[in-house]
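Source file: upload_31.cif; contents: mmCIF, C-alpha atoms (C1' of nucleotides).
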```cif
data_coords
#
loop_
_atom_site.group_PDB
_atom_site.id
_atom_site.type_symbol
_atom_site.label_atom_id
_atom_site.label_comp_id
_atom_site.auth_asym_id
_atom_site.auth_seq_id
_atom_site.Cartn_x
_atom_site.Cartn_y
_atom_site.Cartn_z
ATOM 1 C CA MET A 532 16.755 -29.020 14.748
ATOM 2 C CA ALA A 533 17.606 -28.165 18.289
ATOM 3 C CA ARG A 534 14.507 -26.194 19.069
ATOM 4 C CA THR A 535 11.724 -28.191 20.554
ATOM 5 C CA ARG A 536 8.329 -28.079 19.027
ATOM 6 C CA VAL A 537 5.734 -28.190 21.714
ATOM 7 C CA ALA A 538 2.218 -27.991 20.449
ATOM 8 C CA ALA A 539 0.317 -27.449 17.307
ATOM 9 C CA PRO A 540 0.414 -23.711 16.807
ATOM 10 C CA VAL A 541 -3.212 -22.990 16.186
ATOM 11 C CA ALA A 542 -6.408 -24.717 17.063
ATOM 12 C CA ARG A 543 -8.829 -24.642 14.194
ATOM 13 C CA THR A 544 -11.873 -22.824 15.374
ATOM 14 C CA THR A 545 -14.103 -23.711 12.506
ATOM 15 C CA ALA A 546 -14.181 -26.337 9.884
ATOM 16 C CA SER A 547 -13.239 -25.613 6.317
ATOM 17 C CA LEU A 548 -14.421 -22.169 5.530
ATOM 18 C CA GLY A 549 -13.917 -20.247 2.391
ATOM 19 C CA ALA A 550 -17.059 -20.390 0.389
ATOM 20 C CA ALA A 551 -19.864 -18.867 2.363
ATOM 21 C CA CYS A 552 -17.945 -16.730 4.765
ATOM 22 C CA CYS A 553 -17.234 -13.591 2.872
ATOM 23 C CA PRO A 554 -18.424 -11.517 -0.007
ATOM 24 C CA SER A 555 -17.136 -12.117 -3.487
ATOM 25 C CA VAL A 556 -15.633 -9.170 -5.291
ATOM 26 C CA LEU A 557 -17.160 -10.254 -8.567
ATOM 27 C CA GLU A 558 -20.689 -11.187 -7.676
ATOM 28 C CA ALA A 559 -22.210 -7.972 -6.421
ATOM 29 C CA PRO A 560 -21.070 -4.439 -5.695
ATOM 30 C CA LEU A 561 -19.213 -4.370 -2.415
ATOM 31 C CA GLU A 562 -20.387 -2.289 0.489
ATOM 32 C CA GLN A 563 -17.976 0.197 1.940
ATOM 33 C CA ALA A 564 -17.319 -1.863 5.041
ATOM 34 C CA GLU A 565 -16.827 -5.082 3.099
ATOM 35 C CA ALA A 566 -14.456 -3.350 0.727
ATOM 36 C CA ALA A 567 -12.486 -1.834 3.589
ATOM 37 C CA GLU A 568 -12.119 -5.159 5.336
ATOM 38 C CA LEU A 569 -11.038 -6.959 2.188
ATOM 39 C CA ALA A 570 -8.707 -4.178 1.124
ATOM 40 C CA HIS A 571 -6.997 -4.330 4.484
ATOM 41 C CA ALA A 572 -6.200 -7.980 3.953
ATOM 42 C CA PHE A 573 -5.053 -7.594 0.362
ATOM 43 C CA ALA A 574 -2.930 -4.611 1.312
ATOM 44 C CA ALA A 575 -1.098 -6.881 3.711
ATOM 45 C CA LEU A 576 -0.230 -9.028 0.704
ATOM 46 C CA GLY A 577 0.801 -5.991 -1.284
ATOM 47 C CA ASP A 578 4.409 -5.894 -0.213
ATOM 48 C CA PRO A 579 7.196 -8.110 -1.558
ATOM 49 C CA ALA A 580 8.826 -8.539 1.826
ATOM 50 C CA ARG A 581 5.573 -9.744 3.363
ATOM 51 C CA LEU A 582 4.913 -12.190 0.549
ATOM 52 C CA ARG A 583 8.383 -13.597 1.015
ATOM 53 C CA LEU A 584 7.820 -13.868 4.742
ATOM 54 C CA LEU A 585 4.618 -15.782 4.110
ATOM 55 C CA SER A 586 6.324 -18.165 1.728
ATOM 56 C CA LEU A 587 9.272 -18.608 4.066
ATOM 57 C CA ILE A 588 6.976 -19.504 6.932
ATOM 58 C CA ALA A 589 4.942 -21.859 4.773
ATOM 59 C CA ALA A 590 8.050 -23.601 3.505
ATOM 60 C CA ALA A 591 9.732 -23.801 6.890
ATOM 61 C CA ASP A 592 10.107 -27.024 8.771
ATOM 62 C CA GLY A 593 6.847 -27.678 10.580
ATOM 63 C CA ALA A 594 5.322 -24.742 8.671
ATOM 64 C CA GLU A 595 6.445 -22.367 11.352
ATOM 65 C CA ALA A 596 9.415 -20.112 11.818
ATOM 66 C CA CYS A 597 10.849 -17.767 14.395
ATOM 67 C CA VAL A 598 11.881 -14.238 13.527
ATOM 68 C CA CYS A 599 15.538 -15.135 13.761
ATOM 69 C CA ASP A 600 15.073 -17.610 10.922
ATOM 70 C CA LEU A 601 13.436 -14.976 8.737
ATOM 71 C CA VAL A 602 15.648 -11.924 9.103
ATOM 72 C CA GLY A 603 18.463 -13.396 7.060
ATOM 73 C CA PRO A 604 16.532 -14.819 4.102
ATOM 74 C CA VAL A 605 14.265 -11.815 3.691
ATOM 75 C CA GLY A 606 17.169 -9.401 3.748
ATOM 76 C CA LYS A 607 15.671 -6.761 6.005
ATOM 77 C CA SER A 608 16.557 -5.576 9.460
ATOM 78 C CA GLN A 609 15.040 -7.271 12.478
ATOM 79 C CA PRO A 610 12.729 -4.353 13.339
ATOM 80 C CA THR A 611 11.517 -4.230 9.761
ATOM 81 C CA VAL A 612 10.793 -7.941 9.749
ATOM 82 C CA SER A 613 9.017 -7.597 13.061
ATOM 83 C CA HIS A 614 6.924 -4.804 11.618
ATOM 84 C CA HIS A 615 5.919 -6.820 8.581
ATOM 85 C CA LEU A 616 5.029 -9.807 10.712
ATOM 86 C CA LYS A 617 2.781 -7.581 12.747
ATOM 87 C CA VAL A 618 1.037 -6.349 9.624
ATOM 88 C CA LEU A 619 0.472 -9.925 8.498
ATOM 89 C CA ALA A 620 -0.792 -10.886 11.935
ATOM 90 C CA ASP A 621 -3.150 -7.906 12.086
ATOM 91 C CA ALA A 622 -4.596 -9.048 8.778
ATOM 92 C CA GLY A 623 -5.190 -12.478 10.278
ATOM 93 C CA LEU A 624 -2.816 -14.183 7.901
ATOM 94 C CA ILE A 625 -0.327 -15.451 10.435
ATOM 95 C CA ALA A 626 -0.268 -16.026 14.157
ATOM 96 C CA GLY A 627 2.620 -15.924 16.562
ATOM 97 C CA GLU A 628 3.117 -18.054 19.615
ATOM 98 C CA LYS A 629 5.820 -17.380 22.122
ATOM 99 C CA ARG A 630 7.729 -20.417 23.267
ATOM 100 C CA GLY A 631 10.708 -19.701 25.429
ATOM 101 C CA ARG A 632 12.791 -16.996 23.904
ATOM 102 C CA TRP A 633 11.334 -17.418 20.456
ATOM 103 C CA VAL A 634 8.098 -16.431 18.826
ATOM 104 C CA TRP A 635 6.949 -19.014 16.336
ATOM 105 C CA TYR A 636 4.914 -17.717 13.461
ATOM 106 C CA SER A 637 2.647 -19.926 11.444
ATOM 107 C CA ILE A 638 0.114 -19.387 8.727
ATOM 108 C CA VAL A 639 -3.472 -19.157 9.896
ATOM 109 C CA PRO A 640 -5.308 -21.951 8.148
ATOM 110 C CA GLY A 641 -8.295 -20.847 6.156
ATOM 111 C CA ARG A 642 -7.564 -17.180 6.065
ATOM 112 C CA LEU A 643 -5.852 -17.309 2.694
ATOM 113 C CA ASP A 644 -8.614 -19.582 1.418
ATOM 114 C CA GLN A 645 -11.079 -16.972 2.578
ATOM 115 C CA LEU A 646 -9.361 -14.277 0.559
ATOM 116 C CA ARG A 647 -8.990 -16.632 -2.363
ATOM 117 C CA SER A 648 -12.709 -17.272 -2.427
ATOM 118 C CA THR A 649 -13.459 -13.582 -2.705
ATOM 119 C CA LEU A 650 -11.624 -13.542 -6.015
ATOM 120 C CA SER A 651 -13.817 -16.126 -7.688
ATOM 121 C CA ALA A 652 -17.060 -15.440 -9.413
ATOM 122 C CA MET B 1493 -20.431 -5.159 -29.926
ATOM 123 C CA ALA B 1494 -19.567 -7.705 -27.412
ATOM 124 C CA ARG B 1495 -15.912 -7.244 -26.960
ATOM 125 C CA THR B 1496 -13.668 -9.353 -29.067
ATOM 126 C CA ARG B 1497 -11.691 -10.836 -26.256
ATOM 127 C CA VAL B 1498 -8.369 -12.270 -27.051
ATOM 128 C CA ALA B 1499 -8.078 -16.012 -27.104
ATOM 129 C CA ALA B 1500 -6.157 -16.269 -23.904
ATOM 130 C CA PRO B 1501 -7.831 -18.455 -21.303
ATOM 131 C CA VAL B 1502 -9.715 -21.137 -23.083
ATOM 132 C CA ALA B 1503 -8.282 -24.595 -23.496
ATOM 133 C CA ARG B 1504 -6.911 -24.819 -19.991
ATOM 134 C CA THR B 1505 -9.303 -27.408 -18.697
ATOM 135 C CA THR B 1506 -6.463 -29.402 -17.265
ATOM 136 C CA ALA B 1507 -6.246 -28.796 -13.568
ATOM 137 C CA SER B 1508 -7.394 -25.592 -12.058
ATOM 138 C CA LEU B 1509 -6.012 -22.993 -14.337
ATOM 139 C CA GLY B 1510 -3.082 -20.965 -13.347
ATOM 140 C CA ALA B 1511 -1.378 -23.853 -11.708
ATOM 141 C CA ALA B 1512 1.597 -23.629 -13.968
ATOM 142 C CA CYS B 1513 1.567 -19.956 -14.775
ATOM 143 C CA CYS B 1514 2.761 -18.383 -11.618
ATOM 144 C CA PRO B 1515 4.466 -19.207 -8.391
ATOM 145 C CA SER B 1516 2.502 -20.157 -5.336
ATOM 146 C CA VAL B 1517 3.137 -18.173 -2.213
ATOM 147 C CA LEU B 1518 2.850 -21.252 -0.071
ATOM 148 C CA GLU B 1519 4.839 -23.871 -1.902
ATOM 149 C CA ALA B 1520 8.357 -22.498 -1.967
ATOM 150 C CA PRO B 1521 10.114 -19.335 -0.899
ATOM 151 C CA LEU B 1522 9.485 -16.607 -3.428
ATOM 152 C CA GLU B 1523 12.279 -14.972 -5.333
ATOM 153 C CA GLN B 1524 12.575 -11.225 -5.140
ATOM 154 C CA ALA B 1525 11.253 -10.664 -8.644
ATOM 155 C CA GLU B 1526 8.317 -13.032 -8.174
ATOM 156 C CA ALA B 1527 7.444 -11.378 -4.893
ATOM 157 C CA ALA B 1528 7.636 -7.916 -6.415
ATOM 158 C CA GLU B 1529 5.388 -8.880 -9.311
ATOM 159 C CA LEU B 1530 2.820 -10.530 -7.058
ATOM 160 C CA ALA B 1531 2.927 -7.736 -4.510
ATOM 161 C CA HIS B 1532 2.237 -5.215 -7.252
ATOM 162 C CA ALA B 1533 -0.939 -7.042 -8.154
ATOM 163 C CA PHE B 1534 -2.130 -7.539 -4.591
ATOM 164 C CA ALA B 1535 -1.373 -3.919 -3.795
ATOM 165 C CA ALA B 1536 -3.781 -2.980 -6.547
ATOM 166 C CA LEU B 1537 -6.435 -4.923 -4.634
ATOM 167 C CA GLY B 1538 -5.435 -3.261 -1.395
ATOM 168 C CA ASP B 1539 -7.685 -0.260 -1.648
ATOM 169 C CA PRO B 1540 -11.413 -0.187 -0.900
ATOM 170 C CA ALA B 1541 -12.203 2.117 -3.785
ATOM 171 C CA ARG B 1542 -10.488 -0.183 -6.239
ATOM 172 C CA LEU B 1543 -12.236 -3.269 -4.897
ATOM 173 C CA ARG B 1544 -15.529 -1.495 -5.282
ATOM 174 C CA LEU B 1545 -14.631 -0.464 -8.808
ATOM 175 C CA LEU B 1546 -13.837 -4.076 -9.644
ATOM 176 C CA SER B 1547 -17.118 -5.274 -8.234
ATOM 177 C CA LEU B 1548 -19.045 -2.510 -9.958
ATOM 178 C CA ILE B 1549 -17.529 -3.427 -13.301
ATOM 179 C CA ALA B 1550 -18.139 -7.122 -12.755
ATOM 180 C CA ALA B 1551 -21.750 -6.499 -11.789
ATOM 181 C CA ALA B 1552 -22.418 -4.030 -14.579
ATOM 182 C CA ASP B 1553 -24.540 -4.847 -17.552
ATOM 183 C CA GLY B 1554 -22.371 -6.736 -20.011
ATOM 184 C CA ALA B 1555 -19.655 -6.894 -17.375
ATOM 185 C CA GLU B 1556 -18.271 -3.606 -18.557
ATOM 186 C CA ALA B 1557 -18.697 -0.031 -17.470
ATOM 187 C CA CYS B 1558 -17.595 3.416 -18.490
ATOM 188 C CA VAL B 1559 -16.046 5.833 -16.055
ATOM 189 C CA CYS B 1560 -19.149 7.956 -15.970
ATOM 190 C CA ASP B 1561 -21.073 4.986 -14.597
ATOM 191 C CA LEU B 1562 -18.535 4.470 -11.824
ATOM 192 C CA VAL B 1563 -17.924 7.946 -10.466
ATOM 193 C CA GLY B 1564 -21.276 8.168 -8.759
ATOM 194 C CA PRO B 1565 -21.473 4.759 -7.088
ATOM 195 C CA VAL B 1566 -17.896 4.784 -5.864
ATOM 196 C CA GLY B 1567 -18.251 8.206 -4.345
ATOM 197 C CA LYS B 1568 -14.962 9.696 -5.515
ATOM 198 C CA SER B 1569 -14.121 12.449 -7.928
ATOM 199 C CA GLN B 1570 -13.675 11.654 -11.586
ATOM 200 C CA PRO B 1571 -9.873 12.139 -11.558
ATOM 201 C CA THR B 1572 -9.603 9.873 -8.545
ATOM 202 C CA VAL B 1573 -11.666 7.180 -10.209
ATOM 203 C CA SER B 1574 -9.557 7.534 -13.317
ATOM 204 C CA HIS B 1575 -6.438 7.135 -11.231
ATOM 205 C CA HIS B 1576 -7.715 3.966 -9.558
ATOM 206 C CA LEU B 1577 -8.742 2.492 -12.884
ATOM 207 C CA LYS B 1578 -5.236 3.093 -14.133
ATOM 208 C CA VAL B 1579 -3.771 1.300 -11.145
ATOM 209 C CA LEU B 1580 -6.066 -1.670 -11.786
ATOM 210 C CA ALA B 1581 -5.179 -1.651 -15.463
ATOM 211 C CA ASP B 1582 -1.452 -1.486 -14.747
ATOM 212 C CA ALA B 1583 -1.867 -4.548 -12.555
ATOM 213 C CA GLY B 1584 -3.530 -6.334 -15.447
ATOM 214 C CA LEU B 1585 -6.819 -6.682 -13.638
ATOM 215 C CA ILE B 1586 -8.940 -4.638 -15.993
ATOM 216 C CA ALA B 1587 -8.674 -3.353 -19.524
ATOM 217 C CA GLY B 1588 -10.171 -0.294 -21.115
ATOM 218 C CA GLU B 1589 -11.417 0.047 -24.633
ATOM 219 C CA LYS B 1590 -12.359 3.386 -26.119
ATOM 220 C CA ARG B 1591 -15.582 3.396 -28.044
ATOM 221 C CA GLY B 1592 -16.762 6.777 -29.125
ATOM 222 C CA ARG B 1593 -16.636 9.189 -26.270
ATOM 223 C CA TRP B 1594 -16.543 6.485 -23.642
ATOM 224 C CA VAL B 1595 -13.914 4.139 -22.353
ATOM 225 C CA TRP B 1596 -15.387 0.802 -21.445
ATOM 226 C CA TYR B 1597 -13.607 -1.057 -18.712
ATOM 227 C CA SER B 1598 -13.920 -4.779 -18.260
ATOM 228 C CA ILE B 1599 -12.298 -7.346 -16.059
ATOM 229 C CA VAL B 1600 -9.430 -9.218 -17.644
ATOM 230 C CA PRO B 1601 -10.428 -12.864 -17.595
ATOM 231 C CA GLY B 1602 -7.960 -15.126 -15.921
ATOM 232 C CA ARG B 1603 -5.939 -12.520 -14.162
ATOM 233 C CA LEU B 1604 -7.855 -12.820 -10.905
ATOM 234 C CA ASP B 1605 -7.746 -16.588 -11.235
ATOM 235 C CA GLN B 1606 -4.012 -16.319 -11.627
ATOM 236 C CA LEU B 1607 -3.714 -14.382 -8.385
ATOM 237 C CA ARG B 1608 -6.140 -16.726 -6.732
ATOM 238 C CA SER B 1609 -4.003 -19.708 -7.610
ATOM 239 C CA THR B 1610 -0.977 -18.182 -5.957
ATOM 240 C CA LEU B 1611 -2.831 -18.282 -2.659
ATOM 241 C CA SER B 1612 -3.397 -22.013 -2.656
ATOM 242 C CA ALA B 1613 -0.943 -24.575 -1.416
ATOM 243 C "C1'" DC C 899 22.736 -11.521 39.694
ATOM 244 C "C1'" DC C 900 25.054 -10.961 35.088
ATOM 245 C "C1'" DG C 901 25.589 -11.104 30.413
ATOM 246 C "C1'" DA C 902 23.681 -12.771 26.141
ATOM 247 C "C1'" DT C 903 19.922 -13.582 23.019
ATOM 248 C "C1'" DA C 904 15.060 -12.991 20.799
ATOM 249 C "C1'" DG C 905 11.928 -9.944 19.568
ATOM 250 C "C1'" DA C 906 8.897 -5.838 20.075
ATOM 251 C "C1'" DT C 907 8.629 -0.779 20.360
ATOM 252 C "C1'" DT C 908 10.022 3.978 19.505
ATOM 253 C "C1'" DG C 909 11.437 7.826 16.736
ATOM 254 C "C1'" DA C 910 13.052 9.706 12.597
ATOM 255 C "C1'" DT C 911 13.177 10.054 7.688
ATOM 256 C "C1'" DG C 912 12.453 9.562 2.906
ATOM 257 C "C1'" DA C 913 9.247 7.717 -0.356
ATOM 258 C "C1'" DC C 914 4.964 6.623 -1.830
ATOM 259 C "C1'" DT C 915 -0.295 7.124 -2.148
ATOM 260 C "C1'" DG C 916 -5.046 8.887 -2.221
ATOM 261 C "C1'" DT C 917 -7.416 12.852 -3.111
ATOM 262 C "C1'" DC C 918 -9.171 16.798 -5.609
ATOM 263 C "C1'" DG C 919 -9.290 21.163 -8.576
ATOM 264 C "C1'" DA C 920 -7.761 22.753 -12.839
ATOM 265 C "C1'" DT C 921 -6.630 21.757 -17.340
ATOM 266 C "C1'" DG C 922 -6.010 19.271 -21.738
ATOM 267 C "C1'" DA C 923 -7.204 16.021 -25.522
ATOM 268 C "C1'" DA C 924 -10.838 13.582 -28.091
ATOM 269 C "C1'" DT C 925 -15.145 12.938 -29.538
ATOM 270 C "C1'" DG C 926 -19.883 13.975 -30.550
ATOM 271 C "C1'" DT C 927 -23.702 17.489 -31.456
ATOM 272 C "C1'" DA C 928 -26.140 21.782 -32.856
ATOM 273 C "C1'" DT D 469 -17.612 26.530 -36.243
ATOM 274 C "C1'" DA D 470 -18.879 26.572 -31.573
ATOM 275 C "C1'" DC D 471 -20.222 24.047 -27.619
ATOM 276 C "C1'" DA D 472 -20.891 20.049 -24.599
ATOM 277 C "C1'" DT D 473 -19.349 15.590 -22.902
ATOM 278 C "C1'" DT D 474 -16.042 11.999 -21.547
ATOM 279 C "C1'" DC D 475 -11.896 10.880 -19.710
ATOM 280 C "C1'" DA D 476 -6.862 11.400 -18.789
ATOM 281 C "C1'" DT D 477 -3.166 14.157 -16.988
ATOM 282 C "C1'" DC D 478 -1.008 17.635 -14.100
ATOM 283 C "C1'" DG D 479 0.094 19.989 -9.752
ATOM 284 C "C1'" DA D 480 -0.397 20.233 -5.068
ATOM 285 C "C1'" DC D 481 -1.321 18.665 -0.530
ATOM 286 C "C1'" DA D 482 -1.985 15.604 3.441
ATOM 287 C "C1'" DG D 483 -1.595 11.195 5.075
ATOM 288 C "C1'" DT D 484 0.417 6.705 5.177
ATOM 289 C "C1'" DC D 485 4.236 3.408 4.719
ATOM 290 C "C1'" DA D 486 8.790 1.045 4.622
ATOM 291 C "C1'" DT D 487 13.001 1.282 6.655
ATOM 292 C "C1'" DC D 488 16.600 1.400 10.081
ATOM 293 C "C1'" DA D 489 19.262 2.645 14.499
ATOM 294 C "C1'" DA D 490 18.515 2.841 19.191
ATOM 295 C "C1'" DT D 491 16.182 1.168 23.002
ATOM 296 C "C1'" DC D 492 13.304 -1.698 25.874
ATOM 297 C "C1'" DT D 493 11.332 -6.208 27.731
ATOM 298 C "C1'" DA D 494 11.543 -10.978 28.435
ATOM 299 C "C1'" DT D 495 13.996 -15.244 28.657
ATOM 300 C "C1'" DC D 496 17.795 -18.312 29.237
ATOM 301 C "C1'" DG D 497 22.548 -19.895 30.727
ATOM 302 C "C1'" DG D 498 26.130 -19.388 33.851
#
```
What is this structure when it is put down as structure tokens?
Amino acid sequence: MARTRVAAPVARTTASLGAACCPSVLEAPLEQAEAAELAHAFAALGDPARLRLLSLIAAADGAEACVCDLVGPVGKSQPTVSHHLKVLADAGLIAGEKRGRWVWYSIVPGRLDQLRSTLSA
Amino acid sequence: MARTRVAAPVARTTASLGAACCPSVLEAPLEQAEAAELAHAFAALGDPARLRLLSLIAAADGAEACVCDLVGPVGKSQPTVSHHLKVLADAGLIAGEKRGRWVWYSIVPGRLDQLRSTLSA
DNA sequence: CCGATAGATTGATGACTGTCGATGAATGTA
DNA sequence: TACATTCATCGACAGTCATCAATCTATCGG
């Protein structure tokens, strides 16, 4: 791998979250705002291309990937991939870090756990 | 009275259930078909009204609710609520059972767990 | 500087989605 | 039978979304 990895992509801001951070869908009726926030995140997962991007990033070497490594495998044009990455980033699921000419995307730790916890009773 | 649920998710005490049922987003790159199937389910969760419907059903007495009990709280018209319930049912998240004049919707056990498991590493 | 590369942004387009009023099909009640 | 209730379906409309070609910005190598 010719590209040099410099630093750990993301600094964990908090310890392990997931349980007490966010409302559960099953425990009590959701407020409008809670539902809107959650729906925004799940909608980001509601596209096959974005799920594949997530899994490609997670499975990549060092758990990070640049856009150029994703365009081919996901089978979409570069602007489309860039768009989907932006949607995922806006939902807090991934984060990009520019290093040289490349932008390295990695999965935001804890965010998926957060969503996962909202699906348990 | 109490719904005669099918004998689906019972003897799965080994490991957290769902571990072997469906692909994880984070473990290996998803195939197109897997991604499409998962995205369909997450897309169903990607709407505030549907999340609220889920939580209303889960929190209802007996964990089931008829449409007439949902229209008011969710704040949408009856056809719209009916539409959202259909989307949730098509995603396998809820199931409806007609009893008399009412259709009682309940959350399909295990389906949310299944989705939840795809979000863990 | 110059050309090449990585990636984001813009603009256009076709498809899909959420929404509601009107209507239809079942079911229960007087 | 006639009427009311419950819910699904239909038709229409406005808004959003996924997609790509073209373009723009930033970075690197010479």
Just the number, please: Cα RMSD of chain A on chain B after least-squares superposition over all C-alpha atoms matched in order. 4.3 Å
Starting from chain C, keep only residues with some atom at most 10 Å from an atom of chain B, counting all atoms listed in the file, and report them as a VMD selection string. chain C and resid 916 to 919 924 to 926
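Put simply, the PyMOL selection byres ((chain A and resi 640-644) around 6) in this file takes in Gly549, Leu624, Val639, Gln645, Leu646 and Arg647 of chain A.
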Distance query B:Leu1530 at most 8 Å, all atoms listed in the file, self and fewer than 3 positions along chain excluded, as a list in words: Gly577 and Pro579 of chain A; Glu1526, Ala1527, Ala1533, Phe1534 and Leu1607 of chain B
Interface residues on chain B facing chain A, 6 Å, only C-alpha atoms, written as a count of residues only: 20
Could you please select, counting all atoms listed in the file, the residues of chain D within 8 Å of chain B and state them as a PyMOL selection string? chain D and resi 473-476
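Atom C1' of D:DC485 sits 14.7 Å away from atom C1' of C:DG909.
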